[in-house]
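Listing of my_file.cif; format and content: mmCIF, C-alpha atoms and all ligand atoms.
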```
data_query
loop_
_atom_site.label_atom_id
_atom_site.label_comp_id
_atom_site.auth_asym_id
_atom_site.auth_seq_id
_atom_site.Cartn_x
_atom_site.Cartn_y
_atom_site.Cartn_z
CA MET A 1 -10.10 14.17 128.35
CA ARG A 2 -12.81 15.72 126.17
CA LEU A 3 -12.25 16.33 122.47
CA ALA A 4 -14.64 18.80 120.84
CA VAL A 5 -15.61 18.74 117.17
CA LEU A 6 -17.38 21.93 116.13
CA LYS A 7 -19.76 22.75 113.32
CA GLU A 8 -17.79 24.83 110.80
CA ARG A 9 -19.28 28.31 110.64
CA ARG A 10 -17.12 30.03 108.04
CA PRO A 11 -19.03 30.68 104.78
CA GLY A 12 -18.89 27.90 102.19
CA GLU A 13 -17.35 25.33 104.53
CA ALA A 14 -19.14 21.97 104.35
CA ARG A 15 -16.42 19.78 105.84
CA VAL A 16 -16.14 18.43 109.37
CA ALA A 17 -13.02 17.45 111.32
CA ALA A 18 -14.21 14.00 112.47
CA THR A 19 -16.26 11.12 111.09
CA PRO A 20 -17.95 8.20 112.88
CA ASP A 21 -14.90 6.11 111.92
CA THR A 22 -12.43 8.51 113.58
CA VAL A 23 -14.74 9.04 116.57
CA LYS A 24 -14.47 5.31 117.31
CA LYS A 25 -10.68 5.43 117.13
CA LEU A 26 -10.44 8.63 119.20
CA THR A 27 -12.67 7.04 121.82
CA ALA A 28 -10.38 3.99 121.83
CA LEU A 29 -7.52 6.32 122.79
CA GLY A 30 -9.45 7.12 125.95
CA LEU A 31 -11.04 10.37 124.79
CA THR A 32 -14.63 11.49 125.24
CA VAL A 33 -15.58 12.90 121.85
CA VAL A 34 -18.19 15.67 121.87
CA VAL A 35 -19.65 16.64 118.51
CA GLU A 36 -21.67 19.82 118.08
CA SER A 37 -25.11 19.05 116.69
CA GLY A 38 -25.21 19.50 112.91
CA ALA A 39 -21.41 19.41 112.55
CA GLY A 40 -21.61 16.63 109.95
CA ALA A 41 -24.62 17.95 108.00
CA GLY A 42 -22.55 19.34 105.10
CA SER A 43 -20.77 16.00 104.78
CA SER A 44 -23.89 13.83 104.97
CA ILE A 45 -23.14 12.62 108.51
CA PRO A 46 -26.23 12.96 110.74
CA ASP A 47 -25.83 13.40 114.52
CA SER A 48 -27.23 9.90 114.96
CA GLU A 49 -24.22 8.35 113.18
CA PHE A 50 -21.80 10.25 115.39
CA ALA A 51 -23.78 9.15 118.44
CA ALA A 52 -23.82 5.53 117.27
CA ALA A 53 -20.01 5.73 116.99
CA GLY A 54 -19.81 6.76 120.62
CA ALA A 55 -19.81 10.58 120.47
CA GLU A 56 -21.77 12.84 122.80
CA ILE A 57 -23.87 15.30 120.84
CA ALA A 58 -23.77 18.86 122.21
CA PRO A 59 -26.55 21.32 121.32
CA ASP A 60 -24.20 24.24 120.57
CA ALA A 61 -20.56 25.35 120.42
CA ALA A 62 -20.49 26.45 124.05
CA ALA A 63 -21.66 23.04 125.27
CA ALA A 64 -19.26 21.22 122.92
CA LEU A 65 -16.29 23.27 124.09
CA SER A 66 -17.12 23.21 127.78
CA GLY A 67 -14.25 21.38 129.51
CA ALA A 68 -12.57 20.44 126.20
CA GLY A 69 -8.86 19.58 126.31
CA ILE A 70 -8.63 19.16 122.53
CA VAL A 71 -10.51 20.91 119.73
CA PHE A 72 -10.60 19.57 116.16
CA LYS A 73 -11.53 22.09 113.48
CA VAL A 74 -11.36 22.30 109.70
CA GLN A 75 -10.87 26.08 109.57
CA ALA A 76 -9.79 28.53 112.26
CA PRO A 77 -12.38 29.13 115.01
CA LEU A 78 -14.35 32.35 114.70
CA GLY A 79 -12.98 35.23 116.73
CA PRO A 80 -14.79 38.26 118.15
CA GLY A 81 -16.99 39.95 115.54
CA GLU A 82 -16.45 37.21 112.94
CA GLY A 83 -19.87 35.63 113.31
CA ASP A 84 -22.72 34.92 115.68
CA VAL A 85 -20.50 32.87 118.02
CA ASP A 86 -17.05 33.87 119.33
CA GLU A 87 -15.72 30.31 119.22
CA MET A 88 -12.24 31.33 120.28
CA ALA A 89 -13.52 32.80 123.54
CA LEU A 90 -15.25 29.48 124.33
CA ILE A 91 -12.09 27.35 123.97
CA PRO A 92 -10.79 26.55 127.45
CA ARG A 93 -7.34 27.85 128.42
CA GLY A 94 -4.70 25.15 127.91
CA ALA A 95 -6.67 23.31 125.19
CA LEU A 96 -4.95 21.92 122.09
CA LEU A 97 -6.48 23.28 118.89
CA VAL A 98 -5.80 21.41 115.63
CA GLY A 99 -6.97 22.61 112.21
CA THR A 100 -6.03 24.31 108.96
CA LEU A 101 -5.76 27.62 110.74
CA GLY A 102 -4.51 29.76 107.83
CA ALA A 103 -1.50 30.90 109.84
CA TYR A 104 0.04 32.90 106.99
CA GLY A 105 -1.88 36.15 106.60
CA ASN A 106 -3.60 35.84 110.00
CA GLU A 107 -0.75 36.63 112.36
CA ASP A 108 -3.07 38.51 114.73
CA ARG A 109 -5.08 35.32 115.18
CA THR A 110 -1.93 33.45 116.20
CA ARG A 111 -1.20 36.14 118.81
CA ALA A 112 -4.76 35.76 120.07
CA TYR A 113 -4.27 31.98 120.57
CA ALA A 114 -1.20 32.76 122.67
CA GLU A 115 -3.01 35.42 124.70
CA ARG A 116 -5.87 33.02 125.40
CA GLY A 117 -3.51 30.16 126.33
CA ILE A 118 -4.65 27.97 123.43
CA ASP A 119 -1.96 25.60 122.08
CA ALA A 120 -2.67 25.94 118.36
CA CYS A 121 -1.39 23.61 115.62
CA ALA A 122 -1.74 24.77 112.01
CA MET A 123 -1.86 21.57 109.98
CA GLU A 124 -1.24 23.38 106.68
CA LEU A 125 2.34 23.93 107.90
CA LEU A 126 3.08 20.22 108.26
CA PRO A 127 6.57 19.41 106.93
CA ARG A 128 6.62 17.38 103.72
CA ILE A 129 8.48 14.40 105.17
CA THR A 130 7.67 10.72 104.69
CA ARG A 131 6.67 10.22 108.33
CA ALA A 132 4.08 13.00 108.04
CA GLN A 133 2.46 11.86 104.78
CA SER A 134 -0.57 10.26 106.45
CA MET A 135 -1.23 13.51 108.37
CA ASP A 136 -0.81 15.74 105.32
CA VAL A 137 -4.05 17.69 105.08
CA LEU A 138 -2.86 19.77 102.13
CA SER A 139 -2.21 16.63 100.08
CA SER A 140 -5.43 14.85 100.97
CA GLN A 141 -7.53 17.91 100.26
CA ALA A 142 -5.64 18.98 97.13
CA ASN A 143 -6.03 15.52 95.67
CA LEU A 144 -9.81 15.70 95.91
CA ALA A 145 -9.86 19.34 94.77
CA GLY A 146 -7.98 18.36 91.61
CA TYR A 147 -10.48 15.62 90.88
CA ARG A 148 -13.49 17.82 91.56
CA ALA A 149 -12.12 20.68 89.44
CA VAL A 150 -11.98 18.48 86.36
CA LEU A 151 -15.54 17.22 86.89
CA GLU A 152 -16.87 20.77 87.31
CA GLY A 153 -14.88 21.90 84.29
CA ALA A 154 -16.34 19.02 82.27
CA THR A 155 -19.85 19.97 83.35
CA ALA A 156 -19.39 23.63 82.43
CA TYR A 157 -18.02 22.65 79.02
CA GLY A 158 -20.54 22.18 76.23
CA ARG A 159 -18.86 19.17 74.63
CA GLY A 160 -17.63 15.79 75.87
CA PHE A 161 -14.09 14.89 76.90
CA PRO A 162 -13.43 11.70 74.93
CA MET A 163 -13.23 11.31 71.20
CA MET A 164 -16.56 9.85 70.16
CA MET A 165 -17.06 8.19 66.81
CA THR A 166 -20.75 7.98 66.11
CA ALA A 167 -22.93 7.36 63.09
CA ALA A 168 -23.65 11.08 63.11
CA GLY A 169 -19.97 12.01 62.99
CA THR A 170 -16.84 12.20 65.11
CA VAL A 171 -16.49 14.38 68.18
CA PRO A 172 -12.82 15.24 68.81
CA PRO A 173 -11.36 14.82 72.32
CA ALA A 174 -11.23 17.88 74.55
CA ALA A 175 -7.83 19.51 75.02
CA VAL A 176 -7.14 19.96 78.74
CA PHE A 177 -4.16 21.92 80.03
CA VAL A 178 -3.19 21.76 83.69
CA LEU A 179 -1.15 24.57 85.27
CA GLY A 180 0.88 23.26 88.19
CA ALA A 181 1.50 19.53 88.63
CA GLY A 182 1.60 19.20 92.41
CA VAL A 183 -0.85 16.99 94.24
CA ALA A 184 -3.98 18.68 92.83
CA GLY A 185 -2.56 19.04 89.32
CA LEU A 186 -1.47 15.42 89.05
CA GLN A 187 -4.93 14.26 90.15
CA ALA A 188 -6.48 16.67 87.62
CA ILE A 189 -4.29 15.17 84.89
CA ALA A 190 -5.22 11.62 85.87
CA THR A 191 -8.94 12.48 86.06
CA ALA A 192 -8.99 14.28 82.70
CA ARG A 193 -7.13 11.35 81.13
CA ARG A 194 -9.63 8.87 82.56
CA LEU A 195 -12.43 10.92 81.01
CA GLY A 196 -10.68 10.63 77.64
CA ALA A 197 -9.26 14.14 77.15
CA LYS A 198 -6.00 15.02 75.42
CA VAL A 199 -4.01 16.37 78.38
CA SER A 200 -0.95 18.58 78.71
CA ALA A 201 0.50 20.24 81.78
CA THR A 202 3.21 22.57 83.01
CA ASP A 203 5.10 23.13 86.24
CA VAL A 204 8.25 24.95 87.32
CA ARG A 205 9.60 22.05 89.40
CA PRO A 206 12.00 19.93 87.35
CA ALA A 207 10.69 16.67 88.85
CA ALA A 208 7.19 17.49 87.60
CA LYS A 209 8.13 16.86 83.97
CA GLU A 210 8.56 13.12 84.51
CA GLU A 211 5.51 12.96 86.79
CA ILE A 212 3.38 14.60 84.10
CA LYS A 213 4.65 12.24 81.42
CA SER A 214 4.19 9.18 83.60
CA LEU A 215 0.46 9.99 83.72
CA GLY A 216 0.32 10.04 79.92
CA ALA A 217 0.15 13.82 79.53
CA ALA A 218 2.42 16.07 77.45
CA PHE A 219 4.81 18.40 79.31
CA ILE A 220 4.75 22.03 78.23
CA GLY A 221 7.49 24.18 79.66
CA VAL A 222 10.48 26.44 79.35
CA GLU A 223 13.58 24.53 80.34
CA SER A 224 16.55 26.41 81.80
CA GLU A 225 19.08 26.35 84.63
CA GLU A 226 16.56 28.22 86.71
CA THR A 227 13.91 25.54 86.34
CA ALA A 228 16.51 22.95 87.40
CA ALA A 229 16.78 24.77 90.74
CA ALA A 230 13.15 25.78 91.15
CA GLN A 231 12.30 23.53 94.08
CA THR A 232 12.98 24.23 97.75
CA SER A 233 14.15 21.44 100.04
CA GLY A 234 10.61 21.35 101.43
CA GLY A 235 9.23 20.33 98.04
CA TYR A 236 7.56 23.66 97.29
CA ALA A 237 8.07 25.78 94.21
CA LYS A 238 10.16 28.94 94.45
CA GLU A 239 9.06 32.28 93.05
CA MET A 240 10.53 32.45 89.51
CA SER A 241 12.45 35.34 87.86
CA GLU A 242 10.89 37.92 85.55
CA ASP A 243 12.82 36.49 82.57
CA PHE A 244 11.44 33.03 83.20
CA LYS A 245 7.95 34.42 83.51
CA ARG A 246 8.26 36.24 80.14
CA ARG A 247 9.48 33.14 78.29
CA GLN A 248 6.86 31.03 79.95
CA ALA A 249 4.19 33.54 78.93
CA GLU A 250 5.26 33.27 75.27
CA LEU A 251 4.96 29.51 75.35
CA MET A 252 1.67 29.89 77.23
CA ALA A 253 0.28 32.16 74.50
CA GLU A 254 0.82 29.44 71.90
CA THR A 255 -0.52 26.67 74.11
CA VAL A 256 -3.46 28.41 75.75
CA LYS A 257 -5.34 29.39 72.61
CA LYS A 258 -5.66 25.73 71.58
CA GLN A 259 -7.23 24.60 74.87
CA ASP A 260 -10.82 23.68 75.69
CA ILE A 261 -10.31 23.42 79.47
CA ILE A 262 -7.54 24.88 81.60
CA VAL A 263 -7.23 23.72 85.21
CA CYS A 264 -5.18 26.12 87.36
CA THR A 265 -3.47 24.62 90.41
CA ALA A 266 -0.16 26.53 90.70
CA LEU A 267 0.71 27.76 94.19
CA THR A 268 3.76 29.05 96.07
CA LEU A 269 3.52 28.48 99.82
CA GLY A 270 2.47 31.47 101.89
CA ARG A 271 2.27 33.84 98.89
CA ALA A 272 -0.33 34.97 96.39
CA ALA A 273 -0.82 32.45 93.58
CA PRO A 274 1.35 33.17 90.53
CA LYS A 275 -0.61 34.92 87.76
CA ILE A 276 0.05 32.73 84.75
CA LEU A 277 -2.94 33.44 82.49
CA SER A 278 -3.30 37.07 81.46
CA ALA A 279 -6.42 38.80 80.11
CA GLU A 280 -4.83 38.53 76.63
CA HIS A 281 -4.44 34.78 77.01
CA VAL A 282 -8.10 34.46 77.91
CA ALA A 283 -9.10 36.71 74.99
CA SER A 284 -7.24 34.34 72.64
CA MET A 285 -9.23 31.31 73.79
CA LYS A 286 -12.07 29.66 71.90
CA PRO A 287 -15.69 30.49 72.70
CA GLY A 288 -17.05 27.89 75.10
CA ALA A 289 -13.66 27.19 76.67
CA VAL A 290 -13.54 26.78 80.46
CA ILE A 291 -10.93 27.83 83.01
CA VAL A 292 -11.19 26.15 86.41
CA ASP A 293 -9.07 28.08 88.90
CA ILE A 294 -8.57 26.10 92.07
CA ALA A 295 -5.84 28.54 93.09
CA ALA A 296 -8.66 31.10 93.60
CA ASP A 297 -8.29 31.02 97.39
CA ALA A 298 -4.80 32.45 96.90
CA GLY A 299 -6.02 34.97 94.30
CA GLY A 300 -6.01 32.62 91.30
CA ASN A 301 -3.63 31.80 88.45
CA CYS A 302 -5.76 33.73 85.95
CA ALA A 303 -5.86 37.52 85.92
CA LEU A 304 -9.62 37.48 85.30
CA THR A 305 -10.49 35.06 88.09
CA VAL A 306 -12.82 36.57 90.67
CA PRO A 307 -12.39 34.46 93.82
CA GLY A 308 -15.73 32.96 94.82
CA GLU A 309 -17.40 33.72 91.48
CA LYS A 310 -18.18 32.29 88.07
CA VAL A 311 -17.21 34.73 85.33
CA VAL A 312 -18.17 34.52 81.64
CA THR A 313 -15.95 36.73 79.50
CA GLU A 314 -16.98 38.67 76.37
CA ASN A 315 -15.48 35.96 74.19
CA ASP A 316 -17.55 33.33 76.05
CA VAL A 317 -14.85 31.79 78.21
CA THR A 318 -16.22 30.55 81.55
CA ILE A 319 -13.92 31.00 84.55
CA LEU A 320 -14.87 29.01 87.66
CA GLY A 321 -13.13 30.74 90.55
CA TRP A 322 -14.87 29.00 93.41
CA ARG A 323 -13.17 29.12 96.76
CA ASN A 324 -12.50 26.07 98.89
CA TRP A 325 -12.60 23.31 96.29
CA PRO A 326 -12.18 20.50 98.85
CA SER A 327 -15.48 21.59 100.43
CA ARG A 328 -17.20 20.94 97.08
CA ILE A 329 -16.57 17.22 97.58
CA ALA A 330 -17.12 17.31 101.31
CA VAL A 331 -18.07 13.71 102.07
CA ALA A 332 -14.75 12.44 100.76
CA SER A 333 -12.64 15.39 101.89
CA SER A 334 -14.02 15.24 105.44
CA ALA A 335 -13.23 11.52 105.62
CA LEU A 336 -9.61 12.06 104.60
CA TYR A 337 -9.18 15.23 106.67
CA ALA A 338 -10.56 13.51 109.77
CA ARG A 339 -8.14 10.64 109.19
CA ASN A 340 -5.23 13.08 108.91
CA LEU A 341 -6.09 14.65 112.28
CA LEU A 342 -6.60 11.28 113.92
CA THR A 343 -3.18 10.12 112.68
CA PHE A 344 -1.54 13.31 113.95
CA LEU A 345 -3.05 13.01 117.42
CA THR A 346 -2.32 9.28 117.63
CA ALA A 347 1.35 9.92 116.74
CA PHE A 348 1.66 12.31 119.68
CA TRP A 349 -0.53 10.47 122.17
CA ASP A 350 0.64 9.61 125.67
CA LYS A 351 -1.08 6.22 126.16
CA ASP A 352 -0.49 6.10 129.91
CA GLY A 353 -1.48 9.68 130.67
CA LYS A 354 -4.29 9.52 128.06
CA LYS A 355 -3.37 13.00 126.83
CA PRO A 356 -1.47 14.55 123.94
CA ASN A 357 2.29 14.88 124.23
CA LEU A 358 3.55 17.19 121.50
CA LYS A 359 7.29 16.92 121.93
CA PRO A 360 8.69 20.37 121.15
CA GLU A 361 11.85 18.89 119.59
CA ASP A 362 9.90 16.77 117.06
CA GLU A 363 10.20 18.03 113.47
CA ILE A 364 6.48 17.64 112.85
CA VAL A 365 5.57 19.52 116.03
CA GLN A 366 8.05 22.27 115.19
CA GLY A 367 6.41 22.57 111.79
CA VAL A 368 2.82 22.94 112.96
CA ALA A 369 2.91 24.33 116.53
CA LEU A 370 2.02 28.03 116.46
CA THR A 371 1.64 28.62 120.18
CA ARG A 372 2.47 26.81 123.40
CA GLY A 373 1.84 27.78 127.02
CA GLY A 374 0.77 31.32 126.15
CA ALA A 375 3.63 32.15 123.76
CA VAL A 376 3.97 32.20 119.97
CA VAL A 377 6.60 29.51 119.33
CA HIS A 378 6.58 28.99 115.57
CA PRO A 379 9.78 30.40 114.04
CA ALA A 380 7.86 32.08 111.20
CA PHE A 381 5.57 34.00 113.58
CA ALA A 382 7.42 34.31 116.91
CA PRO A 383 8.60 37.81 117.82
CA LYS A 384 12.06 38.42 116.34
CA PRO A 385 14.90 38.64 118.94
CA ALA A 386 15.67 42.26 117.96
CA ALA A 387 12.05 43.30 118.42
CA ALA A 388 11.91 41.47 121.76
CA ALA A 389 15.04 43.32 122.95
P1 LIG A 401 1.57 23.40 95.83
O1 LIG A 401 0.12 23.24 96.11
O2 LIG A 401 2.37 24.26 96.70
O3 LIG A 401 1.75 23.92 94.33
C1 LIG A 401 1.12 23.25 93.25
C2 LIG A 401 2.07 23.13 92.10
O4 LIG A 401 2.23 24.41 91.46
C3 LIG A 401 3.48 22.68 92.48
O5 LIG A 401 3.82 21.52 91.79
C4 LIG A 401 4.34 23.87 92.08
O6 LIG A 401 5.63 23.49 91.64
C5 LIG A 401 3.52 24.49 90.96
N1 LIG A 401 3.87 25.88 90.62
C6 LIG A 401 4.18 26.91 91.43
N2 LIG A 401 4.42 28.03 90.71
C7 LIG A 401 4.23 27.72 89.41
C8 LIG A 401 4.32 28.45 88.19
N3 LIG A 401 4.64 29.73 88.18
N4 LIG A 401 4.06 27.78 87.05
C9 LIG A 401 3.74 26.46 87.05
N5 LIG A 401 3.64 25.73 88.17
C10 LIG A 401 3.88 26.34 89.33
O7 LIG A 401 2.28 21.99 95.74
P2 LIG A 401 1.83 20.61 96.35
O8 LIG A 401 0.77 20.04 95.52
O9 LIG A 401 1.55 20.80 97.76
O10 LIG A 401 3.13 19.71 96.14
C11 LIG A 401 4.42 20.23 95.96
C12 LIG A 401 5.43 19.10 95.92
O11 LIG A 401 5.53 18.48 97.20
C13 LIG A 401 5.12 17.99 94.97
O12 LIG A 401 6.34 17.57 94.40
C14 LIG A 401 4.59 16.89 95.83
O13 LIG A 401 4.76 15.62 95.26
C15 LIG A 401 5.45 17.08 97.03
N6 LIG A 401 4.83 16.50 98.24
C16 LIG A 401 5.60 15.72 99.06
C17 LIG A 401 5.03 15.16 100.19
C18 LIG A 401 5.83 14.31 101.11
O14 LIG A 401 6.90 13.87 100.76
N7 LIG A 401 5.36 14.06 102.30
C19 LIG A 401 3.71 15.42 100.51
C20 LIG A 401 2.97 16.24 99.65
C21 LIG A 401 3.55 16.77 98.52
#
```
Translate the structure described by the file into structure tokens.
Ligand code: NAD
Amino acid sequence: MRLAVLKERRPGEARVAATPDTVKKLTALGLTVVVESGAGAGSSIPDSEFAAAGAEIAPDAAAALSGAGIVFKVQAPLGPGEGDVDEMALIPRGALLVGTLGAYGNEDRTRAYAERGIDACAMELLPRITRAQSMDVLSSQANLAGYRAVLEGATAYGRGFPMMMTAAGTVPPAAVFVLGAGVAGLQAIATARRLGAKVSATDVRPAAKEEIKSLGAAFIGVESEETAAAQTSGGYAKEMSEDFKRRQAELMAETVKKQDIIVCTALTLGRAAPKILSAEHVASMKPGAVIVDIAADAGGNCALTVPGEKVVTENDVTILGWRNWPSRIAVASSALYARNLLTFLTAFWDKDGKKPNLKPEDEIVQGVALTRGGAVVHPAFAPKPAAAA
């Protein structure tokens, strides 16, 4: 069976869904791996390294996808009118497509996979269970995004992070505040601590308080019965009440104005990012302060974030609202992402038949499978029984 790895064509995407290391392991499964020429360029992997690992190099997307039974992507393939190549039209009927497909908000795309007979798996929907941890693309990518965000924040900030005692005087440590202590936030806390900053953080999940403290940061937060119940069984945060938001905002007002760097990582699955920092909060901040909003892809945690842009406010606060933070550290994020996909495929690999066997009753498959055999099968996107009747 042929497995195609395409060059990512969506703007700002530097990652790739396979590496020479995973190509070797995919080949060992019995697959012929075909990599589109230039697919690894954004992640510093030349065609020659893919070829040395055993991949065929195809000159373009059409050649890579010709006869493919499996397609590995980082982002969703381009559809008609989305770019110079209609990648979706080139995917053979019956092929398995695996990627972070952005299923929420792109329901028409999911219907198109079904219509074209593509069995699509959206890896961002992977259930947060122990068995799936090594396939968890959101975790692997968020971890690196959190790290990168702190480094970019540090670079945009005109002073150092650690306290420095020099003959010319003492430089105080930077105060870093992290909004949201999930995977990205915890890595941001750890990174800022390693650089010597004074770190505090907040989160609505009750478990986060101990996680924040265990990394040596101070917990900032409103504590109430609501926060004790703020986590879904899937490990995601719930949308909080208006009362909670008001009390949190008051505490934020006090905290925010003292900060040098704020790293925003708060997300609620499938929804717009919660707006935690208002324009007034930003106006209260010190000149030269930096906000790094890695929630920008979901609209951002700061009211003044412009997704995809760097904004400098009137009071000289820099807001970095870049999209796709994992792509800004693409060599590492590609390596981990490629590993996640390899682990997923290996877990559902029929060794004798040398083909994937995604058991429909498996919890992981149920979590990620959008379409199968020409139908939308994911419970969140399948036609509702009433509508079908
Ligand atoms: P996420 O990216 O969905 O959200 C980031 C963080 O923002 C979360 O901690 C969330 O609680 C927080 N948040 C949401 N709204 C907020 C608000 N209004 N104010 C402050 N914070 C807010 O989360 P994530 O990083 O994917 O991880 C969520 C949880 O899942 C974590 O506890 C993580 O450890 C857990 N997890 C478990 C597994 C597993 O068991 N396999 C894998 C990955 C993550």
What residues have any atom no more than 6 Å from ligand LIG 401 (chain A) when counting only C-alpha atoms and all ligand atoms, and can you list them as a PyMOL selection string?
chain A and resi 128-130+132-133+139+179-184+202-205+235-237+265-269+274
Distance in Å - atom CA of A:Gly42 versus atom CA of A:Pro127:
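Calculated distance between atom CA of A:Gly42 and atom CA of A:Pro127 is 29.2 Å.
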Minimum-distance residue to A:Gln259, chosen among A:Ala197, A:Ile70, A:Leu101, A:Ala279 (using all atoms listed in the file):
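Looking only at the distances to A:Gln259, the closest residue turns out to be A:Ala197.
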Counting all atoms listed in the file, which of A:Leu277, A:Ala289, A:Met164, A:Ile118 gets nearest to A:Thr305?
A:Leu277
So how far away is atom CA of A:Tyr337 from atom CA of A:Arg109, in Å?
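Separation between atom CA of A:Arg109 and atom CA of A:Tyr337: 22.2 Å.
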Residue nearest A:Leu370 among A:Ala112, A:Ala53, A:Val199, A:Val85 (counting all atoms listed in the file):
A:Ala112
Contacts of stretch 355-368 of chain A at 10 Å (only C-alpha atoms; same-chain gap of 5+ positions) as a PyMOL selection string
chain A and resi 1-2+29-31+69-70+96+98-100+103+120-129+131-132+135+344-350+377-380
Figure out the distance between atom CA of A:Glu87 and atom CA of A:Gln75, please, to one decimal in Å.
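The value is 11.6 Å.
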My list of candidates is A:Thr27, A:Gly146, A:Gly117, A:Ala64. Which is closest to A:Ser333 when distances are computed with all atoms listed in the file?
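With all atoms listed in the file as the atom set, the closest residue is A:Gly146.
When all atoms listed in the file are used to measure the gap to A:Ala154, the shortest distance among A:Glu226, A:Glu254, A:Asp260, A:Asp119 belongs to A:Asp260.
Distance check against A:Gly270 using all atoms listed in the file: of A:Gly299, A:Gly54, A:Pro172, A:Gly40, the minimum falls on A:Gly299.
Every protein, DNA or RNA residue with an atom at most 10 Å from A:Val331, where only C-alpha atoms count and chain neighbours fewer than 5 positions away do not, is listed here: Ala14, Arg15, Val16, Thr19, Gly40, Ala41, Gly42, Ser43, Ser44, Ile45, Pro326 and Leu336 of chain A.
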May I have the centre and edge lengths, in Å to one decimal, of an axis-aligned box around the listed atoms of stretch 158-169 of chain A with 4 Å added to every side, as lines of an AutoDock Vina configuration file?
```
center_x = -18.4
center_y = 14.8
center_z = 69.9
size_x = 18.4
size_y = 22.8
size_z = 21.9
```
Nearby residues, (-7.0, 13.3, 86.8) file frame, 10 Å, all atoms listed in the file, as number ranges by chain
A: 143-144, 146-151, 178, 184-195, 197, 199, 215
